[in-house]
Amino acid sequence: MTTPSREEAWELLCEYTKGDSLRKHAVAVETAMRACAKRYGEPDADVDEWGLVGLLHDFDYEMFPSADQHPFTGSNILCGRGYPDRIIKAILGHATYTGVPRDTQMAKALFATDELCGFLVACALVRPSRSLDDLEVKSVKKKLKDKAFARSVNRADIYQGVEELRVTLDEHIQFVIDSLKPVQKEIGLGLRTEDASA
C-alpha cells in the first residue's frame with residue numbers, strides 16, 4: 001500500500017476544511033512534524049509520512065467537531081482512502097479521549113506539537129512583530145501560566161506531550177519555534193496588521 005502524496009492529502013484537507021485558520025494550523029503542525037521526524041524518528045523515519053500525519057490530524061474537525069465524531073470520522077475516511085494504519089492510529093491518538101495509545105514516536109510527536117503549534121501562533125500574533133523571530137521561551141512559558149490567554153489551548157496536553165517525548169518543555173518550545181520560522185508567512189505570521197488585511 002503506497003502512502004498518498006502530499007498533494008492528495010492537501011486536496012483531502014481542503015475538501016473537508018474550508019476555514020483558513022484551520023488550514024494554516026494544519027500546515028504548522030505538518031511543518032513541526034517534518035522537523036520531529038528528523039529529531040525524534042527512527043533513522044529510517046519517513047519524513048513525508050510524519051508530515052501527512054500533521055497535515056491531516058484535524059481535517060475532519062470543521063465538519064465533525066464533537067468528541068464522538070472527531071477524529072473517528074476522519075479516521076474512517078482515511079481508511080477508505082487507503083491511508084496506512086500507522087498514520088490513522090497516530091491521528092486517533094492525538095485526542096486523549098479516544099483511548100488509542102500513543103505507542104510510536106510519530107504519535108507522541110503529533111500529540112506534543114499539535115496544541116503547542118496553536119499556542120505559539122497565538123503568542124506571536126500578540127507581539128508587535130506578529131512573528132516568531134523575537135519570541136522567547138520564557139515569554140511562551142509565562143503565557144502558558146495565564147489561563148485567560150488562548151484559553152482554548154489545552155495546557156495539560158502540552159505538558160503531557162513533552163513528558164511522553166522525554167524532552168524538557170523549554171527544549172521543545174524552542175525546537176517548535178525554530179521549525180515554524182521558515183513557514184511563518186504561510187501560517188499567517190510575520191505580517192503587520194495592514195499587510196495581513198491587504
# chains A, B, ... in the order shown; residues from 1 in each chain; ligands from 1
>>> residues_around(residues="Leu56 (chain A)", least_positions_apart="4", cutoff="12 Å", atoms="only C-alpha atoms", output="count of residues only")
45
>>> residues_around(residues="region 162-170 of chain A", least_positions_apart="2", cutoff="9 Å", atoms="only C-alpha atoms", output="list in words")
Tyr40, Arg102, Gln105, Lys108, Ala109, Phe111, Ala112, Thr113, Val137, Lys138, Lys141, Asp157, Ile158, Tyr159, Gln160, His172, Ile173, Gln174 and Phe175 of chain A
>>> select_by_dssp(residues="region 8-138 of chain A", states="alpha helix (DSSP H)", output="ChimeraX atom specification")
/A:8-16,20-40,47-56,72-80,85-93,105-125,137-138
>>> residues_around(residues="Leu132 (chain A)", least_positions_apart="2", cutoff="9 Å", atoms="only C-alpha atoms", output="list in words")
Leu120, Val121, Cys123, Ala124, Leu125, Arg127, Ser129, Arg130, Asp134, Leu135, Glu136, Ile177, Asp178, Leu180, Lys181, Gln184, Leu189 and Gly190 of chain A
>>> closest_residue(among="A:Asp20, A:Asp133, A:Glu115, A:Asp58", to="Ala32 (chain A)", atoms="only C-alpha atoms")
A:Glu115
>>> atom_distance(atom1="CA of Pro84 (chain A)", atom2="CA of Thr2 (chain A)")
8.0 Å
>>> closest_residue(among="A:Leu116, A:Ala45, A:Ala107, A:Val53", to="Lys143 (chain A)", atoms="only C-alpha atoms")
A:Leu116
>>> decode(residues="region 143-158 of chain A", atoms="all heavy atoms", output="CSV table (one decimal), in the first residue's frame")
chain,number,residue,atom,x,y,z
A,143,LYS,N,3.1,32.9,29.3
A,143,LYS,CA,1.7,32.9,28.7
A,143,LYS,C,1.0,31.6,29.0
A,143,LYS,O,-0.2,31.6,29.1
A,143,LYS,CB,1.7,33.3,27.2
A,143,LYS,CG,2.0,34.7,27.0
A,143,LYS,CD,1.5,35.2,25.6
A,143,LYS,CE,1.4,36.6,25.4
A,143,LYS,NZ,1.9,37.6,26.4
A,144,LEU,N,1.7,30.5,29.1
A,144,LEU,CA,1.1,29.2,29.4
A,144,LEU,C,0.5,29.3,30.8
A,144,LEU,O,-0.6,28.6,31.0
A,144,LEU,CB,2.2,28.1,29.4
A,144,LEU,CG,2.5,27.5,28.0
A,144,LEU,CD1,3.7,26.5,28.1
A,144,LEU,CD2,1.3,26.7,27.4
A,145,LYS,N,1.0,30.0,31.7
A,145,LYS,CA,0.5,30.1,33.0
A,145,LYS,C,-0.7,31.1,33.1
A,145,LYS,O,-1.5,31.0,34.1
A,145,LYS,CB,1.6,30.6,34.0
A,145,LYS,CG,2.7,29.6,34.2
A,145,LYS,CD,3.8,30.2,35.1
A,145,LYS,CE,4.8,29.1,35.3
A,145,LYS,NZ,6.1,29.7,35.7
A,146,ASP,N,-0.9,31.9,32.1
A,146,ASP,CA,-2.0,32.8,32.0
A,146,ASP,C,-3.2,32.1,31.4
A,146,ASP,O,-3.3,32.0,30.2
A,146,ASP,CB,-1.6,34.1,31.2
A,146,ASP,CG,-2.7,35.1,31.0
A,146,ASP,OD1,-3.8,34.8,31.6
A,146,ASP,OD2,-2.5,36.1,30.4
A,147,LYS,N,-4.1,31.6,32.2
A,147,LYS,CA,-5.2,30.8,31.7
A,147,LYS,C,-6.2,31.6,30.8
A,147,LYS,O,-6.9,31.0,30.1
A,147,LYS,CB,-5.9,30.1,32.9
A,147,LYS,CG,-5.1,29.1,33.5
A,147,LYS,CD,-5.9,28.2,34.5
A,147,LYS,CE,-5.1,27.1,35.0
A,147,LYS,NZ,-3.9,27.4,35.8
A,148,ALA,N,-6.2,32.9,30.9
A,148,ALA,CA,-7.1,33.7,30.1
A,148,ALA,C,-6.6,33.9,28.7
A,148,ALA,O,-7.3,34.2,27.8
A,148,ALA,CB,-7.2,35.1,30.8
A,149,PHE,N,-5.3,33.6,28.5
A,149,PHE,CA,-4.7,33.8,27.2
A,149,PHE,C,-4.8,32.5,26.4
A,149,PHE,O,-4.5,31.4,26.9
A,149,PHE,CB,-3.2,34.2,27.3
A,149,PHE,CG,-2.5,34.3,25.9
A,149,PHE,CD1,-2.7,35.4,25.2
A,149,PHE,CD2,-1.7,33.2,25.4
A,149,PHE,CE1,-2.1,35.5,23.9
A,149,PHE,CE2,-1.1,33.3,24.2
A,149,PHE,CZ,-1.3,34.5,23.4
A,150,ALA,N,-5.3,32.6,25.1
A,150,ALA,CA,-5.5,31.5,24.3
A,150,ALA,C,-6.2,30.3,25.0
A,150,ALA,O,-5.7,29.2,25.1
A,150,ALA,CB,-4.2,31.0,23.6
A,151,ARG,N,-7.3,30.6,25.7
A,151,ARG,CA,-7.9,29.7,26.6
A,151,ARG,C,-8.4,28.4,26.0
A,151,ARG,O,-8.6,27.4,26.7
A,151,ARG,CB,-9.0,30.3,27.4
A,151,ARG,CG,-10.2,30.8,26.6
A,151,ARG,CD,-11.4,31.2,27.5
A,151,ARG,NE,-11.0,32.2,28.5
A,151,ARG,CZ,-11.3,33.5,28.4
A,151,ARG,NH1,-12.0,33.9,27.4
A,151,ARG,NH2,-10.9,34.3,29.4
A,152,SER,N,-8.5,28.3,24.7
A,152,SER,CA,-8.9,27.1,24.0
A,152,SER,C,-7.8,26.1,23.9
A,152,SER,O,-8.0,24.9,23.6
A,152,SER,CB,-9.5,27.4,22.6
A,152,SER,OG,-8.5,27.9,21.8
A,153,VAL,N,-6.6,26.5,24.2
A,153,VAL,CA,-5.4,25.6,24.1
A,153,VAL,C,-5.3,24.8,25.3
A,153,VAL,O,-5.4,25.3,26.4
A,153,VAL,CB,-4.1,26.4,23.9
A,153,VAL,CG1,-2.9,25.5,24.0
A,153,VAL,CG2,-4.1,27.1,22.5
A,154,ASN,N,-5.2,23.5,25.1
A,154,ASN,CA,-5.2,22.5,26.3
A,154,ASN,C,-3.8,22.5,26.8
A,154,ASN,O,-2.9,21.8,26.2
A,154,ASN,CB,-5.7,21.2,25.8
A,154,ASN,CG,-5.8,20.2,27.0
A,154,ASN,OD1,-5.1,20.2,27.9
A,154,ASN,ND2,-6.8,19.3,26.9
A,155,ARG,N,-3.5,23.2,27.9
A,155,ARG,CA,-2.2,23.2,28.5
A,155,ARG,C,-1.7,21.8,29.0
A,155,ARG,O,-0.6,21.4,28.8
A,155,ARG,CB,-2.1,24.1,29.7
A,155,ARG,CG,-1.8,25.6,29.4
A,155,ARG,CD,-2.9,26.3,28.9
A,155,ARG,NE,-2.6,27.8,29.0
A,155,ARG,CZ,-3.2,28.7,28.2
A,155,ARG,NH1,-4.1,28.3,27.3
A,155,ARG,NH2,-3.0,30.0,28.4
A,156,ALA,N,-2.7,21.0,29.5
A,156,ALA,CA,-2.4,19.7,30.0
A,156,ALA,C,-1.8,18.8,28.9
A,156,ALA,O,-0.8,18.1,29.2
A,156,ALA,CB,-3.6,19.0,30.6
A,157,ASP,N,-2.3,18.9,27.7
A,157,ASP,CA,-1.8,18.2,26.6
A,157,ASP,C,-0.4,18.6,26.3
A,157,ASP,O,0.5,17.7,25.9
A,157,ASP,CB,-2.7,18.4,25.3
A,157,ASP,CG,-4.0,17.5,25.4
A,157,ASP,OD1,-4.2,16.9,26.4
A,157,ASP,OD2,-4.7,17.6,24.4
A,158,ILE,N,-0.1,19.9,26.3
A,158,ILE,CA,1.3,20.3,26.1
A,158,ILE,C,2.3,19.7,27.1
A,158,ILE,O,3.3,19.2,26.7
A,158,ILE,CB,1.4,21.9,26.1
A,158,ILE,CG1,0.6,22.5,24.9
A,158,ILE,CG2,2.8,22.4,26.0
A,158,ILE,CD1,0.5,24.0,24.9
